[in-house]
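This is run-v5.cif (mmCIF, C-alpha atoms).
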data_coords
loop_
_atom_site.label_atom_id
_atom_site.label_comp_id
_atom_site.auth_asym_id
_atom_site.auth_seq_id
_atom_site.Cartn_x
_atom_site.Cartn_y
_atom_site.Cartn_z
CA MET A 1 74.60 87.37 65.18
CA THR A 2 72.07 90.07 64.33
CA ASN A 3 72.13 93.11 66.61
CA LEU A 4 68.85 94.90 67.29
CA ALA A 5 68.63 98.00 69.49
CA ILE A 6 65.56 99.49 71.13
CA VAL A 7 65.82 103.13 72.17
CA TYR A 8 62.85 104.55 74.03
CA HIS A 9 61.64 107.21 76.45
CA SER A 10 59.08 106.61 79.16
CA GLY A 11 57.71 109.35 81.37
CA TYR A 12 55.61 107.23 83.76
CA GLY A 13 56.83 103.67 83.20
CA HIS A 14 54.12 102.54 80.77
CA THR A 15 56.22 102.90 77.62
CA ALA A 16 59.14 101.22 79.43
CA LYS A 17 56.86 98.26 80.09
CA VAL A 18 55.97 98.11 76.39
CA ALA A 19 59.69 98.35 75.50
CA ASP A 20 60.42 95.39 77.77
CA HIS A 21 57.80 93.30 75.96
CA VAL A 22 59.04 94.39 72.53
CA ALA A 23 62.51 93.30 73.66
CA ARG A 24 61.14 89.99 74.94
CA GLY A 25 59.53 89.26 71.57
CA ALA A 26 62.64 90.31 69.65
CA GLY A 27 64.85 88.24 71.91
CA SER A 28 62.79 85.13 71.20
CA VAL A 29 64.19 85.05 67.65
CA ASP A 30 67.23 82.79 67.27
CA GLY A 31 70.40 84.62 66.31
CA VAL A 32 69.19 88.05 67.45
CA ASP A 33 70.88 89.97 70.25
CA VAL A 34 68.75 92.78 71.72
CA THR A 35 70.06 95.92 73.45
CA VAL A 36 67.61 98.23 75.22
CA LEU A 37 68.64 101.87 75.67
CA LYS A 38 66.95 104.87 77.27
CA ALA A 39 66.61 108.00 75.16
CA ASP A 40 67.35 109.91 78.37
CA ASP A 41 70.98 108.74 78.04
CA LEU A 42 71.21 109.88 74.40
CA THR A 43 70.08 113.52 74.52
CA SER A 44 73.56 114.83 73.69
CA PRO A 45 75.36 113.87 70.48
CA ASP A 46 78.64 113.79 72.39
CA SER A 47 77.78 111.48 75.30
CA GLY A 48 75.88 108.28 75.82
CA PRO A 49 75.83 104.78 74.33
CA TRP A 50 75.93 105.91 70.69
CA ASP A 51 78.38 103.10 69.82
CA GLU A 52 75.71 100.53 70.65
CA LEU A 53 73.35 102.13 68.14
CA ALA A 54 76.15 102.29 65.57
CA ALA A 55 76.74 98.55 66.00
CA ALA A 56 73.05 97.68 65.61
CA ASP A 57 71.68 96.22 62.38
CA GLY A 58 68.26 97.62 63.24
CA ILE A 59 66.82 100.17 65.66
CA ILE A 60 63.32 100.21 67.12
CA PHE A 61 62.29 103.67 68.32
CA GLY A 62 59.77 104.00 71.15
CA ALA A 63 58.13 107.06 72.65
CA PRO A 64 54.97 107.91 74.51
CA THR A 65 52.51 110.12 72.68
CA TYR A 66 52.09 113.34 74.66
CA MET A 67 49.81 116.03 73.27
CA GLY A 68 49.80 114.42 69.84
CA SER A 69 53.51 113.77 69.29
CA ALA A 70 56.56 112.08 70.76
CA SER A 71 57.69 113.20 74.20
CA ALA A 72 60.16 116.06 74.64
CA VAL A 73 62.92 113.75 75.86
CA PHE A 74 62.55 111.56 72.79
CA LYS A 75 62.65 114.69 70.64
CA GLN A 76 65.92 115.66 72.34
CA PHE A 77 67.31 112.27 71.35
CA GLN A 78 65.94 112.72 67.85
CA ASP A 79 67.67 116.09 67.51
CA ALA A 80 70.91 114.65 68.94
CA THR A 81 71.01 112.13 66.07
CA SER A 82 71.96 114.94 63.70
CA LYS A 83 75.64 114.12 64.22
CA VAL A 84 74.93 110.53 63.10
CA TRP A 85 72.88 111.91 60.20
CA MET A 86 75.78 114.04 58.98
CA ALA A 87 77.91 110.88 58.66
CA GLN A 88 74.96 108.77 57.39
CA GLY A 89 75.81 106.33 60.19
CA TRP A 90 72.43 104.59 60.22
CA ARG A 91 71.93 104.36 56.47
CA ASP A 92 70.34 101.05 55.40
CA LYS A 93 69.68 99.86 58.95
CA ILE A 94 66.20 98.45 59.62
CA ALA A 95 63.97 100.81 61.61
CA ALA A 96 60.59 100.45 63.31
CA GLY A 97 58.63 102.27 65.98
CA PHE A 98 56.13 102.02 68.80
CA THR A 99 54.17 104.42 70.94
CA ASN A 100 51.86 104.35 73.93
CA SER A 101 49.18 106.76 75.10
CA GLY A 102 46.19 106.90 77.41
CA SER A 103 43.60 106.82 74.65
CA LEU A 104 42.93 103.97 72.25
CA ALA A 105 43.74 106.22 69.28
CA GLY A 106 45.24 109.22 71.07
CA ASP A 107 46.86 110.66 67.93
CA LYS A 108 49.43 107.88 68.10
CA LEU A 109 49.55 107.79 64.31
CA ASN A 110 51.24 111.19 64.37
CA THR A 111 53.97 109.85 66.67
CA LEU A 112 54.48 106.76 64.53
CA GLN A 113 54.80 108.99 61.47
CA GLN A 114 57.29 111.15 63.36
CA LEU A 115 59.38 108.06 64.09
CA SER A 116 59.20 106.89 60.47
CA VAL A 117 60.26 110.33 59.24
CA LEU A 118 63.25 110.18 61.62
CA ALA A 119 64.17 106.85 60.05
CA GLY A 120 63.71 108.31 56.58
CA GLN A 121 65.99 111.22 57.40
CA HIS A 122 68.67 108.69 58.29
CA GLY A 123 68.18 106.62 55.13
CA MET A 124 66.95 103.69 57.18
CA ILE A 125 64.55 101.02 55.90
CA TRP A 126 61.22 101.26 57.72
CA ALA A 127 59.54 98.01 58.74
CA ASN A 128 55.84 98.23 59.53
CA TYR A 129 53.94 96.04 61.98
CA GLY A 130 51.80 94.29 59.40
CA ALA A 131 49.41 92.62 61.85
CA PHE A 132 45.75 92.42 60.92
CA PRO A 133 43.55 94.70 63.08
CA GLY A 134 42.17 92.55 65.88
CA TYR A 135 39.13 94.54 66.93
CA ASN A 136 37.06 95.42 63.90
CA THR A 137 34.14 93.00 63.75
CA SER A 138 31.13 92.29 65.96
CA LYS A 139 32.76 88.97 66.87
CA SER A 140 35.98 90.61 68.10
CA ASP A 141 36.82 90.33 71.79
CA TYR A 142 38.30 93.61 73.00
CA ALA A 143 39.92 91.97 76.03
CA THR A 144 42.02 89.56 73.97
CA ALA A 145 42.34 91.25 70.56
CA TRP A 146 45.80 92.17 69.31
CA ASN A 147 46.43 95.41 67.43
CA ARG A 148 43.08 96.74 68.66
CA ALA A 149 43.43 100.23 67.22
CA GLY A 150 44.59 98.85 63.87
CA HIS A 151 47.98 100.58 63.68
CA MET A 152 49.82 99.32 60.62
CA ILE A 153 52.83 101.65 60.36
CA GLY A 154 54.07 100.59 63.80
CA LEU A 155 52.91 99.46 67.22
CA GLY A 156 50.40 101.46 69.24
CA THR A 157 49.43 100.49 72.79
CA GLN A 158 47.13 101.98 75.41
CA ALA A 159 47.87 102.63 79.08
CA LEU A 160 44.82 103.73 81.06
CA THR A 161 45.67 107.05 82.67
CA ASP A 162 44.34 106.24 86.14
CA LEU A 163 46.44 103.09 86.56
CA PRO A 164 50.16 102.68 87.31
CA ALA A 165 52.53 100.88 84.95
CA ASP A 166 52.32 97.63 86.91
CA GLN A 167 48.63 97.41 85.90
CA THR A 168 48.51 98.80 82.36
CA PRO A 169 48.92 98.31 79.36
CA ASP A 170 46.90 95.11 79.53
CA LYS A 171 47.88 91.59 78.49
CA ALA A 172 46.51 91.90 74.93
CA ASP A 173 48.62 95.00 74.25
CA LEU A 174 51.70 93.42 75.82
CA ASP A 175 51.20 90.27 73.75
CA THR A 176 50.89 92.54 70.69
CA ALA A 177 54.15 94.23 71.71
CA GLU A 178 55.93 90.88 71.85
CA ASP A 179 54.57 89.93 68.44
CA PHE A 180 55.76 93.27 67.05
CA GLY A 181 59.24 92.79 68.51
CA LYS A 182 59.43 89.28 67.05
CA ARG A 183 58.39 90.52 63.60
CA ILE A 184 60.98 93.31 63.53
CA ALA A 185 63.71 90.94 64.77
CA GLU A 186 62.85 88.45 62.03
CA ILE A 187 62.89 91.19 59.38
CA THR A 188 66.25 92.46 60.65
CA ARG A 189 67.75 88.97 60.75
CA ARG A 190 66.63 88.29 57.15
CA TRP A 191 68.04 91.66 56.07
CA VAL A 192 71.41 90.89 57.62
CA ALA A 193 71.45 87.39 56.09
CA GLY A 194 70.66 88.83 52.66
CA LYS A 195 73.59 91.24 52.86
CA ALA A 196 76.07 88.48 53.74
#
Same coordinates, now as structure tokens:
Amino acid sequence: MTNLAIVYHSGYGHTAKVADHVARGAGSVDGVDVTVLKADDLTSPDSGPWDELAAADGIIFGAPTYMGSASAVFKQFQDATSKVWMAQGWRDKIAAGFTNSGSLAGDKLNTLQQLSVLAGQHGMIWANYGAFPGYNTSKSDYATAWNRAGHMIGLGTQALTDLPADQTPDKADLDTAEDFGKRIAEITRRWVAGKA
């Protein structure tokens, strides 16, 4: 069995909704067990479900983009990983990342880069999204296009700021999230099989 963990923070419920869909996509891959953890429970290096992350073959990081970078709670988690870093506990695990913000672009690239640098610090192997941009021609349909903002390094979704999490992100972004989760689960499963 391949173990894949998702650790995320969500301030208003939108990023949690995306995390649920990433987990749904990842869980659709045979032989992959998915664990979803809140960064809120991992802000101290000495308490929280750190053993579940240690047991994972891959970790998907998720954070909302606030003011151009990952949220403060996610940053607390990120800083708390220094104890794991000292022991190189996540070395050679697969890593990936996703973020959500109110704008289509919203400086999400900066957050995705922040997540990939975190993975690099830990010696993890970063897996990108790799989906073709879905909204870049005159024939594209914004309402149904996947990967609308064309994020390649990871997953970026949009939650309209005047709507609650039960109404946004929309179906196209949630379908994209499931596709992203499936891709990372498949990459992780192949990585584990190759090491056996």
With distances taken over all atoms listed in the file, which residue among A:Ala80, A:Ile187, A:Ile94, A:Val192 lies nearest Ser44 (chain A)? A:Ala80
Apply the PyMOL selection byres ((chain A and resi 119) around 9) to the structure shown and report the selected residues as an mmCIF file with C-alpha atoms, in the frame of the given file.
data_model
loop_
_atom_site.group_PDB
_atom_site.id
_atom_site.type_symbol
_atom_site.label_atom_id
_atom_site.label_comp_id
_atom_site.auth_asym_id
_atom_site.auth_seq_id
_atom_site.Cartn_x
_atom_site.Cartn_y
_atom_site.Cartn_z
ATOM 1 C CA TRP A 90 72.430 104.590 60.220
ATOM 2 C CA ARG A 91 71.930 104.360 56.470
ATOM 3 C CA LYS A 93 69.680 99.860 58.950
ATOM 4 C CA ILE A 94 66.200 98.450 59.620
ATOM 5 C CA ALA A 95 63.970 100.810 61.610
ATOM 6 C CA ALA A 96 60.590 100.450 63.310
ATOM 7 C CA GLN A 114 57.290 111.150 63.360
ATOM 8 C CA LEU A 115 59.380 108.060 64.090
ATOM 9 C CA SER A 116 59.200 106.890 60.470
ATOM 10 C CA VAL A 117 60.260 110.330 59.240
ATOM 11 C CA LEU A 118 63.250 110.180 61.620
ATOM 12 C CA GLY A 120 63.710 108.310 56.580
ATOM 13 C CA GLN A 121 65.990 111.220 57.400
ATOM 14 C CA HIS A 122 68.670 108.690 58.290
ATOM 15 C CA GLY A 123 68.180 106.620 55.130
ATOM 16 C CA MET A 124 66.950 103.690 57.180
ATOM 17 C CA ILE A 125 64.550 101.020 55.900
ATOM 18 C CA TRP A 126 61.220 101.260 57.720
#
List the neighbours of region 55-64 of chain A out to 6 Å using only C-alpha atoms; skip same-chain residues closer than 2 positions along the sequence, and give me the result as an MDAnalysis selection string. chainID A and resid 3:9 52:53 70:71 93:101
Atom-to-atom span, CA of Ile153 (chain A) and CA of Asn128 (chain A), Å: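 Separating CA of Ile153 (chain A) from CA of Asn128 (chain A) is a distance of 4.6 Å.
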Would you mind listing what lies within 12 Å of Ala105 (chain A) as a list of chain:residue names, with all atoms listed in the file counted and same-chain residues fewer than 5 positions away left out?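 Counting all atoms listed in the file, the residues come to A:Thr65, A:Gly68, A:Thr99, A:Asn100, A:Asn110, A:Thr111, A:Leu112, A:Asn147, A:Arg148, A:Ala149, A:Gly150, A:His151, A:Leu155, A:Gly156, A:Thr157, A:Gln158, A:Ala159.
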File of the preceding selection, C-alpha atoms, as a short mmCIF file (atom, residue, chain, number, x, y, z; two decimals), keeping the file's coordinate frame:
data_model
loop_
_atom_site.label_atom_id
_atom_site.label_comp_id
_atom_site.auth_asym_id
_atom_site.auth_seq_id
_atom_site.Cartn_x
_atom_site.Cartn_y
_atom_site.Cartn_z
CA THR A 65 52.51 110.12 72.68
CA GLY A 68 49.80 114.42 69.84
CA THR A 99 54.17 104.42 70.94
CA ASN A 100 51.86 104.35 73.93
CA ASN A 110 51.24 111.19 64.37
CA THR A 111 53.97 109.85 66.67
CA LEU A 112 54.48 106.76 64.53
CA ASN A 147 46.43 95.41 67.43
CA ARG A 148 43.08 96.74 68.66
CA ALA A 149 43.43 100.23 67.22
CA GLY A 150 44.59 98.85 63.87
CA HIS A 151 47.98 100.58 63.68
CA LEU A 155 52.91 99.46 67.22
CA GLY A 156 50.40 101.46 69.24
CA THR A 157 49.43 100.49 72.79
CA GLN A 158 47.13 101.98 75.41
CA ALA A 159 47.87 102.63 79.08
#
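Proximity ranking of A:Gly181, A:Trp146, A:Asp170, A:Thr43 relative to Phe74 (chain A) places A:Thr43 first, based on all atoms listed in the file.
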Atom pair CA of Asp30 (chain A) / CA of Tyr129 (chain A): separation (Å):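 Taking CA of Asp30 (chain A) and CA of Tyr129 (chain A), their separation equals 19.5 Å.
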Got a sec to resolve the PyMOL selection byres ((chain A and resi 145) around 12) on this structure and send the residues as number ranges by chain? A: 131-137, 139-144, 146-150, 157, 170-176
Residue with the minimum atom-to-atom distance to Phe180 (chain A), picked from A:Ala127, A:Met86, A:Leu160, A:Leu109 with only C-alpha atoms counted, is A:Ala127
Which residue, A:Asp92, A:Met152, A:Lys108, A:Ala39, has the smallest gap to Gln78 (chain A) when you use all atoms listed in the file?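 Looking only at the distances to Gln78 (chain A), the closest residue turns out to be A:Ala39.
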d(CA of Arg24 (chain A), CA of Glu178 (chain A)) in Å: 6.1 Å
List the residues matched by the PyMOL selection byres ((chain A and resi 23) around 9) in the displayed structure as a VMD selection string, ordered by chain and then by residue number. chain A and resid 5 to 6 18 to 22 24 to 28 34 to 36 177 to 178 181 to 182
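Residue nearest Thr161 (chain A) within the list A:Gly194, A:Gly31, A:Gly48, A:Gly102: A:Gly102 [criterion: smallest interatomic distance, only C-alpha atoms].
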Which one is closest to Gln113 (chain A): A:Leu37, A:Ser138, A:Lys195, A:Gly154? Count all atoms listed in the file.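 Selected residue with least distance to Gln113 (chain A): A:Gly154.
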